[in-house]
$ cat final.txt   # compact mmCIF, C-alpha atoms
# COMPACT_ATOMS: atom_id res chain seq x y z
CA MET A 870 0.00 0.00 0.00
CA LYS A 871 2.79 2.36 0.86
CA LYS A 872 4.57 1.47 -2.36
CA ARG A 873 1.49 2.29 -4.47
CA THR A 874 1.12 5.60 -2.69
CA LYS A 875 4.72 6.50 -3.47
CA TRP A 876 4.21 5.80 -7.19
CA SER A 877 1.02 7.88 -7.22
CA VAL A 878 2.79 10.83 -5.67
CA ALA A 879 5.66 10.48 -8.15
CA GLY A 880 3.19 10.42 -11.06
CA VAL A 881 1.49 13.55 -9.82
CA ILE A 882 4.84 15.34 -9.57
CA VAL A 883 5.89 14.32 -13.12
CA LEU A 884 2.49 15.41 -14.49
CA ALA A 885 2.83 18.76 -12.75
CA ILE A 886 6.30 19.24 -14.20
CA VAL A 887 5.02 18.46 -17.70
CA ILE A 888 2.09 20.86 -17.31
CA ILE A 889 4.43 23.63 -16.10
CA GLY A 890 6.82 23.02 -19.01
CA VAL A 891 4.03 23.07 -21.61
CA THR A 892 2.53 26.21 -20.08
CA SER A 893 5.94 27.94 -20.06
CA ALA A 894 6.57 26.93 -23.65
CA MET A 895 3.18 28.25 -24.76
CA LYS A 896 3.77 31.49 -22.90
CA GLY A 897 7.19 31.83 -24.53
CA ARG A 898 5.66 31.10 -27.90
CA ASN A 899 2.96 33.69 -27.43
CA LYS A 900 5.35 36.33 -26.02
CA ALA A 901 5.11 39.47 -28.13
CA THR A 902 8.27 40.96 -29.63
CA GLU A 903 8.70 44.62 -28.83
CA VAL A 904 9.07 46.60 -32.06
CA ARG A 905 8.64 50.12 -33.38
CA ILE A 906 5.47 50.32 -35.44
CA GLU A 907 5.16 52.96 -38.14
CA LYS A 908 2.54 53.81 -40.73
CA VAL A 909 3.17 53.80 -44.45
CA GLN A 910 2.72 57.44 -45.45
CA LYS A 911 3.64 60.00 -48.08
CA ARG A 912 6.79 62.08 -47.71
CA ASP A 913 9.02 64.34 -49.79
CA LEU A 914 12.20 62.40 -50.62
CA VAL A 915 15.56 63.68 -51.80
CA ALA A 916 18.18 61.25 -53.13
CA SER A 917 21.72 62.58 -52.94
CA VAL A 918 25.35 61.61 -53.36
CA THR A 919 27.92 62.70 -50.80
CA ALA A 920 31.55 62.97 -51.86
CA SER A 921 34.70 64.58 -50.48
CA GLY A 922 37.32 66.73 -52.14
CA GLN A 923 39.41 69.88 -51.77
CA VAL A 924 38.64 73.53 -52.43
CA GLN A 925 40.48 75.01 -55.40
CA PRO A 926 40.20 78.34 -57.23
CA HIS A 927 38.65 78.07 -60.68
CA THR A 928 41.62 79.98 -62.12
CA LYS A 929 45.17 79.81 -60.81
CA VAL A 930 48.67 80.11 -62.25
CA ASN A 931 51.82 78.38 -61.04
CA VAL A 932 54.71 80.77 -61.68
CA SER A 933 58.03 79.09 -62.44
CA ALA A 934 61.34 80.28 -63.85
CA ASP A 935 62.32 79.75 -67.47
CA ILE A 936 65.99 80.22 -66.53
CA SER A 937 68.19 79.23 -63.59
CA GLY A 938 69.84 81.69 -61.24
CA ARG A 939 69.95 83.20 -57.79
CA ILE A 940 66.98 85.31 -56.71
CA VAL A 941 68.33 88.78 -55.91
CA ARG A 942 65.02 90.58 -55.33
CA LEU A 943 61.67 89.33 -53.97
CA ALA A 944 58.96 91.98 -53.80
CA VAL A 945 55.89 89.99 -52.62
CA LYS A 946 54.68 87.93 -49.66
CA GLU A 947 52.30 85.02 -49.33
CA GLY A 948 48.68 86.17 -49.09
CA GLN A 949 49.39 89.46 -50.87
CA MET A 950 47.08 90.69 -53.64
CA VAL A 951 48.81 91.46 -56.94
CA THR A 952 47.68 92.88 -60.27
CA ARG A 953 48.52 91.74 -63.77
CA GLY A 954 52.00 93.00 -64.80
CA GLN A 955 53.14 93.78 -61.24
CA PHE A 956 56.82 93.09 -60.48
CA LEU A 957 57.26 89.93 -58.41
CA LEU A 958 60.95 89.01 -58.31
CA GLU A 959 64.27 89.24 -60.13
CA ILE A 960 66.83 86.54 -60.90
CA ASP A 961 70.50 87.62 -60.97
CA PRO A 962 70.84 89.21 -64.45
CA SER A 963 74.63 89.66 -64.53
CA GLN A 964 75.40 86.51 -66.52
CA TYR A 965 72.53 87.10 -68.95
CA ARG A 966 73.46 90.77 -69.38
CA ALA A 967 76.99 89.68 -70.28
CA ASN A 968 75.55 87.26 -72.84
CA VAL A 969 73.61 90.15 -74.41
CA GLU A 970 76.76 92.27 -74.61
CA ARG A 971 78.65 89.39 -76.17
CA ALA A 972 75.89 88.84 -78.71
CA THR A 973 75.81 92.56 -79.51
CA ALA A 974 79.54 92.51 -80.25
CA ALA A 975 79.12 89.44 -82.45
CA VAL A 976 76.45 91.23 -84.50
CA ALA A 977 78.74 94.25 -84.94
CA SER A 978 81.64 92.01 -85.99
CA ALA A 979 79.49 90.19 -88.52
CA ARG A 980 78.28 93.45 -90.00
CA SER A 981 81.90 94.70 -90.23
CA GLN A 982 82.94 91.60 -92.15
CA ALA A 983 79.98 92.08 -94.47
CA ALA A 984 81.02 95.69 -95.01
CA GLN A 985 84.51 94.51 -96.03
CA ALA A 986 83.26 91.73 -98.26
CA LYS A 987 80.96 93.98 -100.27
CA PRO A 988 83.65 96.33 -101.78
CA ALA A 989 85.95 93.33 -102.37
CA LEU A 990 83.24 91.75 -104.45
CA THR A 991 82.71 95.00 -106.34
CA GLN A 992 86.43 95.29 -107.10
CA ALA A 993 86.72 91.68 -108.24
CA GLN A 994 83.69 92.06 -110.51
CA ARG A 995 85.13 95.24 -112.09
CA ASN A 996 88.50 93.57 -112.75
CA PHE A 997 86.76 90.70 -114.45
CA ASP A 998 84.59 93.02 -116.58
CA ARG A 999 87.61 95.06 -117.74
CA LEU A 1000 89.50 91.91 -118.66
CA MET A 1001 86.58 90.60 -120.67
CA ALA A 1002 86.30 93.95 -122.51
CA LEU A 1003 90.01 93.84 -123.38
CA LYS A 1004 89.76 90.23 -124.59
CA LYS A 1005 86.86 91.20 -126.77
CA ALA A 1006 88.81 94.07 -128.33
CA ASN A 1007 92.02 92.08 -128.83
CA PRO A 1008 91.78 88.36 -127.99
CA THR A 1009 95.51 87.82 -128.42
CA LEU A 1010 96.35 90.08 -125.46
CA VAL A 1011 94.33 88.09 -122.82
CA SER A 1012 94.78 84.40 -122.14
CA ASP A 1013 92.04 82.02 -121.02
CA GLU A 1014 93.96 81.40 -117.80
CA GLN A 1015 93.71 85.09 -116.85
CA VAL A 1016 89.97 85.07 -117.49
CA GLU A 1017 89.43 81.99 -115.27
CA GLN A 1018 91.57 83.51 -112.51
CA LEU A 1019 89.56 86.75 -112.33
CA ARG A 1020 86.26 84.87 -112.59
CA THR A 1021 87.29 82.74 -109.61
CA GLN A 1022 88.24 85.82 -107.61
CA ALA A 1023 84.80 87.35 -108.29
CA GLU A 1024 83.01 84.13 -107.26
CA VAL A 1025 85.07 83.89 -104.03
CA ALA A 1026 84.27 87.51 -103.19
CA GLN A 1027 80.55 86.78 -103.77
CA ALA A 1028 80.68 83.75 -101.45
CA GLN A 1029 82.48 85.75 -98.77
CA LEU A 1030 79.75 88.44 -98.88
CA GLU A 1031 77.01 85.82 -98.57
CA ALA A 1032 78.85 84.20 -95.65
CA ALA A 1033 79.16 87.58 -93.96
CA ASN A 1034 75.40 88.18 -94.37
CA HIS A 1035 74.62 84.73 -92.89
CA ALA A 1036 76.95 85.53 -89.98
CA ILE A 1037 74.90 88.68 -89.36
CA ASP A 1038 71.69 86.60 -89.27
CA GLN A 1039 73.27 84.07 -86.88
CA ALA A 1040 74.67 86.75 -84.59
CA THR A 1041 71.31 88.56 -84.59
CA ALA A 1042 69.49 85.34 -83.59
CA SER A 1043 71.98 84.79 -80.76
CA TYR A 1044 71.39 88.37 -79.65
CA ARG A 1045 67.60 87.85 -79.57
CA ASP A 1046 68.04 84.65 -77.54
CA ALA A 1047 70.35 86.40 -75.06
CA ALA A 1048 68.00 89.38 -74.81
CA SER A 1049 65.05 87.04 -74.20
CA SER A 1050 66.93 85.26 -71.39
CA LEU A 1051 67.82 88.62 -69.87
CA GLY A 1052 64.15 89.63 -70.00
CA LYS A 1053 63.21 86.43 -68.14
CA THR A 1054 65.29 87.48 -65.14
CA THR A 1055 62.46 89.88 -64.27
CA ILE A 1056 59.20 88.08 -63.44
CA VAL A 1057 55.87 89.91 -63.31
CA ALA A 1058 52.38 88.70 -62.38
CA PRO A 1059 50.67 86.96 -65.32
CA MET A 1060 47.23 87.63 -63.80
CA SER A 1061 45.55 89.48 -60.96
CA GLY A 1062 44.82 87.57 -57.77
CA ARG A 1063 46.15 86.48 -54.40
CA ILE A 1064 49.51 84.79 -53.82
CA THR A 1065 48.33 81.56 -52.22
CA ARG A 1066 51.68 79.83 -52.29
CA LEU A 1067 55.23 81.18 -52.00
CA SER A 1068 57.92 78.51 -52.14
CA ILE A 1069 61.09 80.62 -52.44
CA GLU A 1070 63.08 83.15 -50.44
CA GLU A 1071 65.43 85.88 -51.57
CA GLY A 1072 68.91 84.40 -52.09
CA GLU A 1073 67.68 80.94 -53.13
CA THR A 1074 68.35 79.54 -56.59
CA ALA A 1075 65.51 79.32 -59.06
CA ILE A 1076 65.33 76.06 -61.04
CA GLN A 1077 64.41 76.02 -64.70
CA GLY A 1078 60.86 74.76 -65.12
CA THR A 1079 61.63 72.29 -67.91
CA PHE A 1080 63.77 70.20 -65.54
CA ASN A 1081 61.31 69.67 -62.68
CA LYS A 1082 57.92 71.34 -62.84
CA ASP A 1083 56.98 70.88 -59.17
CA ALA A 1084 60.37 71.93 -57.83
CA ALA A 1085 60.51 74.86 -60.24
CA THR A 1086 57.19 76.37 -59.07
CA MET A 1087 58.13 79.48 -57.12
CA LEU A 1088 54.69 80.86 -56.32
CA THR A 1089 51.01 80.42 -57.13
CA ILE A 1090 48.58 83.22 -57.96
CA SER A 1091 44.88 82.35 -57.49
CA ASP A 1092 41.69 84.14 -58.41
CA MET A 1093 39.76 83.63 -55.17
CA SER A 1094 36.56 85.19 -56.52
CA VAL A 1095 35.44 81.86 -58.05
CA LEU A 1096 36.04 78.74 -55.97
CA GLU A 1097 35.17 75.15 -56.75
CA THR A 1098 35.74 71.67 -55.44
CA LYS A 1099 36.49 68.51 -57.37
CA VAL A 1100 34.95 65.38 -55.88
CA LYS A 1101 34.98 61.76 -56.97
CA VAL A 1102 31.58 60.13 -57.59
CA ASP A 1103 31.01 56.41 -58.06
CA GLU A 1104 30.06 55.19 -61.53
CA THR A 1105 26.64 54.02 -60.26
CA ASP A 1106 25.72 57.56 -59.21
CA VAL A 1107 27.41 59.78 -61.80
CA SER A 1108 24.85 58.93 -64.50
CA ARG A 1109 22.11 60.54 -62.36
CA ILE A 1110 23.93 63.87 -61.98
CA LYS A 1111 22.84 66.43 -64.55
CA ILE A 1112 21.82 69.92 -63.45
CA GLY A 1113 23.70 72.35 -61.25
CA VAL A 1114 27.18 70.83 -61.58
CA SER A 1115 29.92 72.83 -63.28
CA GLU A 1116 31.60 69.90 -65.01
CA ILE A 1117 31.58 66.09 -65.14
CA SER A 1118 34.68 64.40 -66.49
CA ASN A 1119 34.25 62.08 -69.47
CA SER A 1120 37.07 59.78 -68.43
CA SER A 1121 37.11 57.80 -65.21
CA VAL A 1122 39.53 58.07 -62.32
CA LYS A 1123 40.53 54.61 -61.14
CA ALA A 1124 40.74 54.33 -57.38
CA ALA A 1125 43.01 52.01 -55.43
CA THR A 1126 42.50 48.25 -55.68
CA THR A 1127 39.69 47.15 -53.40
CA GLY A 1128 40.68 43.52 -52.98
CA GLY A 1129 42.25 40.43 -54.42
CA THR A 1130 45.71 39.94 -55.80
CA GLY A 1131 47.26 40.36 -59.21
CA GLY A 1132 45.53 41.76 -62.26
CA SER A 1133 42.17 40.12 -61.46
CA ALA A 1134 41.40 42.47 -58.56
CA ASP A 1135 38.37 44.72 -58.99
CA GLN A 1136 38.87 48.45 -58.99
CA ALA A 1137 36.41 51.11 -57.94
CA ILE A 1138 35.62 53.37 -60.89
CA ASP A 1139 35.02 57.02 -60.02
CA TYR A 1140 34.38 60.13 -62.06
CA GLU A 1141 35.58 63.60 -61.15
CA VAL A 1142 32.74 66.07 -60.66
CA THR A 1143 33.43 69.80 -60.37
CA VAL A 1144 31.09 71.77 -58.11
CA GLN A 1145 31.24 75.56 -57.91
CA LEU A 1146 31.08 77.15 -54.45
CA LEU A 1147 28.58 79.98 -54.15
CA ASN A 1148 28.95 82.60 -51.41
CA ALA A 1149 32.04 80.91 -49.95
CA PRO A 1150 33.17 82.35 -46.58
CA PRO A 1151 35.92 84.99 -46.92
CA GLU A 1152 38.33 82.91 -44.87
CA THR A 1153 38.13 79.98 -47.33
CA ARG A 1154 41.56 78.99 -48.63
CA PRO A 1155 42.83 76.60 -51.31
CA ASP A 1156 43.17 72.94 -50.30
CA PHE A 1157 40.48 73.23 -47.60
CA SER A 1158 38.70 69.89 -47.21
CA SER A 1159 35.17 69.91 -48.58
CA THR A 1160 32.16 67.62 -48.64
CA ALA A 1161 29.71 67.99 -51.50
CA LYS A 1162 26.13 66.78 -51.28
CA ILE A 1163 24.84 66.43 -54.84
CA ILE A 1164 21.07 65.99 -55.26
CA THR A 1165 20.35 63.35 -57.90
CA GLN A 1166 16.58 62.82 -57.67
CA THR A 1167 13.56 64.20 -55.81
CA ARG A 1168 10.07 62.86 -55.13
CA ILE A 1169 7.20 65.01 -53.85
CA GLY A 1170 4.56 63.21 -51.79
CA ALA A 1171 5.92 59.74 -52.45
CA LEU A 1172 4.67 56.73 -50.51
CA SER A 1173 7.58 55.77 -48.27
CA ILE A 1174 8.87 53.44 -45.57
CA PRO A 1175 11.85 53.69 -43.21
CA ILE A 1176 15.05 52.33 -44.74
CA ILE A 1177 15.57 50.15 -41.67
CA ALA A 1178 12.18 48.49 -42.26
CA LEU A 1179 13.24 46.88 -45.55
CA THR A 1180 14.66 43.41 -45.00
CA VAL A 1181 15.35 40.21 -46.95
CA ARG A 1182 13.71 36.83 -46.47
CA GLU A 1183 13.67 33.56 -48.35
CA ASP A 1184 10.79 33.29 -50.80
CA SER A 1185 9.09 30.11 -49.55
CA VAL A 1186 5.56 30.82 -50.88
CA LYS A 1187 3.81 28.33 -53.16
CA PRO A 1188 4.09 28.84 -56.93
CA ASP A 1189 0.48 29.94 -57.37
CA THR A 1190 0.71 32.35 -54.42
CA ALA A 1191 4.05 33.68 -55.65
CA LEU A 1192 2.53 34.39 -59.06
CA THR A 1193 -0.35 36.26 -57.48
CA LEU A 1194 2.01 38.32 -55.30
CA ALA A 1195 4.23 39.05 -58.27
CA LYS A 1196 1.26 40.49 -60.18
CA ARG A 1197 0.16 42.51 -57.18
CA ALA A 1198 3.54 43.61 -55.83
CA PRO A 1199 6.64 42.98 -57.98
CA ALA A 1200 9.65 42.35 -55.73
CA LYS A 1201 13.30 43.00 -56.44
CA GLN A 1202 15.21 39.74 -56.66
CA VAL A 1203 18.24 39.84 -54.33
CA GLY A 1204 19.31 36.22 -54.47
CA LYS A 1205 18.08 33.01 -56.06
CA ARG A 1206 15.30 32.64 -53.47
CA ASP A 1207 15.47 35.94 -51.61
CA VAL A 1208 13.12 38.89 -51.91
CA GLU A 1209 13.03 42.33 -50.30
CA GLY A 1210 10.04 43.22 -48.21
CA VAL A 1211 8.64 44.45 -44.91
CA PHE A 1212 6.68 42.99 -42.01
CA VAL A 1213 3.09 44.24 -42.08
CA VAL A 1214 1.34 44.35 -38.68
CA GLY A 1215 -2.20 42.95 -38.72
CA THR A 1216 -5.15 43.84 -36.47
CA ASN A 1217 -4.27 40.91 -34.21
CA ASN A 1218 -0.69 42.22 -33.82
CA LYS A 1219 0.66 39.33 -35.88
CA VAL A 1220 3.14 40.20 -38.62
CA THR A 1221 3.17 39.03 -42.22
CA PHE A 1222 6.16 39.36 -44.49
CA ARG A 1223 5.18 41.11 -47.72
CA PRO A 1224 7.40 41.65 -50.78
CA VAL A 1225 7.85 45.32 -51.65
CA LYS A 1226 9.37 47.09 -54.64
CA VAL A 1227 11.23 50.28 -53.73
CA GLY A 1228 12.50 53.25 -55.73
CA ILE A 1229 14.90 56.02 -54.71
CA ALA A 1230 16.41 56.26 -51.25
CA GLY A 1231 16.29 59.46 -49.23
CA GLU A 1232 18.28 60.04 -46.06
CA LYS A 1233 15.96 57.87 -43.92
CA TYR A 1234 13.20 56.56 -46.18
CA PHE A 1235 12.70 54.42 -49.28
CA GLU A 1236 10.20 55.29 -51.97
CA VAL A 1237 7.56 52.55 -52.29
CA LEU A 1238 6.65 51.65 -55.87
CA SER A 1239 4.37 48.72 -55.11
CA GLY A 1240 3.40 46.24 -52.41
CA LEU A 1241 1.99 48.58 -49.75
CA LYS A 1242 -0.88 51.01 -49.27
CA GLU A 1243 -0.95 54.29 -47.41
CA GLY A 1244 -1.94 53.91 -43.77
CA GLU A 1245 -0.81 50.29 -43.33
CA ASN A 1246 1.20 49.54 -40.19
CA ILE A 1247 4.65 48.04 -40.63
CA VAL A 1248 7.55 47.11 -38.36
CA GLY A 1249 9.94 50.05 -38.51
CA GLY A 1250 12.54 48.97 -35.95
CA THR A 1251 14.60 48.03 -34.21
CA TYR A 1252 17.19 46.56 -36.55
CA GLN A 1253 17.78 43.61 -34.24
CA ALA A 1254 14.06 42.94 -33.92
CA ILE A 1255 13.51 42.99 -37.69
CA ARG A 1256 16.51 40.75 -38.21
CA GLU A 1257 15.12 38.06 -35.90
CA LEU A 1258 11.41 38.50 -36.70
CA LYS A 1259 9.58 35.61 -38.31
CA ASP A 1260 6.38 35.44 -40.34
CA GLY A 1261 3.33 35.06 -38.05
CA ALA A 1262 5.09 36.35 -34.92
CA THR A 1263 3.21 38.50 -32.43
CA VAL A 1264 4.50 42.00 -31.80
CA ARG A 1265 3.72 44.90 -29.51
CA ALA A 1266 4.46 48.57 -29.85
CA GLN A 1267 7.69 49.79 -28.28
CA LYS A 1268 7.26 52.20 -25.41
CA GLU A 1269 8.85 55.55 -26.13
CA THR A 1270 11.25 56.90 -23.54
CA PRO A 1271 10.45 60.50 -22.52
CA LYS A 1272 12.91 62.87 -24.18
CA LYS A 1273 15.13 64.90 -21.87
CA PRO A 1274 15.23 68.68 -22.31
CA GLY A 1275 17.70 69.62 -25.05
CA GLU A 1276 18.05 66.02 -26.27
CA PRO A 1277 17.64 65.60 -30.06
CA ALA A 1278 14.79 63.49 -31.35
CA LYS A 1279 15.63 59.87 -32.13
CA SER A 1280 15.49 58.91 -35.77
$ encode --input "final.txt" --output "structure tokens"
Amino acid sequence: MKKRTKWSVAGVIVLAIVIIGVTSAMKGRNKATEVRIEKVQKRDLVASVTASGQVQPHTKVNVSADISGRIVRLAVKEGQMVTRGQFLLEIDPSQYRANVERATAAVASARSQAAQAKPALTQAQRNFDRLMALKKANPTLVSDEQVEQLRTQAEVAQAQLEAANHAIDQATASYRDAASSLGKTTIVAPMSGRITRLSIEEGETAIQGTFNKDAATMLTISDMSVLETKVKVDETDVSRIKIGVSEISNSSVKAATTGGTGGSADQAIDYEVTVQLLNAPPETRPDFSSTAKIITQTRIGALSIPIIALTVREDSVKPDTALTLAKRAPAKQVGKRDVEGVFVVGTNNKVTFRPVKVGIAGEKYFEVLSGLKEGENIVGGTYQAIRELKDGATVRAQKETPKKPGEPAKS
């Protein structure tokens, strides 16, 4: 009797444990997930591209030396305003002045030789003419050898005069070259503007620009009245940029390799977009970092959902149902069996995953093209809740925490 009683008590305890476990499991199954519920509504959306670059003047000139030499005078400072034609600096002209004097003397010498060659030619030609006249009058008095000798003298005198004239041309060209180099020792402003870069000091040696362009740049003059920034925009976005941009490059700018090894690695393809700065602050300087927000598309009163609400789930619906949904709400195919969509909250607080086709993306919201109606409730957060949410789950609205004074509103 005692043994039977013990087994009865044990059975009751096991049954109670089973009932408690089943009840706990059902409670856990019916536990509502706390989510942020939002209504599908119309909003004004602005799609934009954000890119970074540096501020540069629209017009600037890098001033470099065309000759080498020590800088003996520097008349400007960095940040100074200059006007076109204003004296900037002087390179030691002594060597180039000497070259001009040497070339001047060479021109004078060549002209002197030409002056001597001209009367010699005249005299040789007269001697030849007289001899030919005498031979004509009395051929026996003049031999053929004498005629050839005087003819040769006249031809030599002619060649000497021509050589002297060519020497004048050569000496004159050398003089012009020397004078040009002397003129390049004085450098004036090629345009009006502000000196935004000064890389030299008085006493330093200027380097000829043809040898090293960067090292030869002595100063930069910039027109600060028109500023712009050049930013790099991805190839997927550049096709949507049209109005309001100063210039879009036709050739791409290849960025650094994004991954992989060898020649098979993919490269990000960017295009350089020039954006003009309007009403730039007076303290703006070249090479300031800049961030450009370029508006690509706008939608007024578009049906929209929070970006965070859009998620991806496996498409496990039956073929007939899938066909019906496809006719009613075309969905963007993400993978072989994956579709984009949102969780719609029903009147019983149970959620149903519904495929949605979206359009442009604003800062916080997607444009809805099909799949939803205005006023429907959807799960709009949190990210973790949406990630773990399953079709048919029960949800409850998240309680909003009272905002503290001065605290920005949560997005």
$ residues_near_point --input "final.txt" --point "(32.5, 71.9, -52.9)" --cutoff "6 Å" --atoms "only C-alpha atoms" --output "list of chain:residue names"
A:Glu1097, A:Thr1098, A:Val1144, A:Leu1146, A:Ser1159, A:Ala1161
$ residues_near_point --input "final.txt" --point "(80.9, 94.5, -104.1)" --cutoff "12 Å" --atoms "all atoms listed in the file" --output "ChimeraX atom specification"
/A:983-996,1022-1031
$ closest_residue --input "final.txt" --among "A:Ser917, A:Gln910, A:Thr1180, A:Ser1239" --to "Val1211 of chain A" --atoms "all atoms listed in the file"
A:Thr1180
$ closest_residue --input "final.txt" --among "A:Arg1154, A:Lys1101, A:Lys1226, A:Arg1265" --to "Thr919 of chain A" --atoms "all atoms listed in the file"
A:Lys1101
$ atom_distance --input "final.txt" --atom1 "atom CA of Glu1070 of chain A" --atom2 "atom CA of Ile936 of chain A"
16.6 Å
$ residues_around --input "final.txt" --residues "Thr1054 of chain A" --least-positions-apart "4" --cutoff "10 Å" --atoms "all atoms listed in the file" --output "ChimeraX atom specification"
/A:934-941,958-963,965-966,1049-1050
$ residues_around --input "final.txt" --residues "Val1220 of chain A" --least-positions-apart "3" --cutoff "7 Å" --atoms "all atoms listed in the file" --output "number ranges by chain"
A: 1212-1215, 1260-1263
$ write_last_selection --input "final.txt" --atoms "C-alpha atoms" --output "compact mmCIF listing (two decimals), in the frame of the given file"
# COMPACT_ATOMS: atom_id res chain seq x y z
CA PHE A 1212 6.68 42.99 -42.01
CA VAL A 1213 3.09 44.24 -42.08
CA VAL A 1214 1.34 44.35 -38.68
CA GLY A 1215 -2.20 42.95 -38.72
CA ASP A 1260 6.38 35.44 -40.34
CA GLY A 1261 3.33 35.06 -38.05
CA ALA A 1262 5.09 36.35 -34.92
CA THR A 1263 3.21 38.50 -32.43
$ closest_residue --input "final.txt" --among "A:Lys911, A:Arg942, A:Arg905, A:Lys1005" --to "Glu1236 of chain A" --atoms "all atoms listed in the file"
A:Lys911
$ atom_distance --input "final.txt" --atom1 "atom CA of Ala1075 of chain A" --atom2 "atom CA of Met1087 of chain A"
7.6 Å
$ closest_residue --input "final.txt" --among "A:Leu1000, A:Ile906, A:Val1095, A:Ala1047" --to "Ile1177 of chain A" --atoms "all atoms listed in the file"
A:Ile906
$ atom_distance --input "final.txt" --atom1 "atom CA of Ala1266 of chain A" --atom2 "atom CA of Glu1232 of chain A"
24.2 Å
$ axis_aligned_box --input "final.txt" --around "segment 1085-1088 of chain A" --padding-each-side "4 Å" --output "AutoDock Vina command-line options"
--center_x 57.6 --center_y 77.9 --center_z -58.3 --size_x 13.8 --size_y 14.0 --size_z 11.9
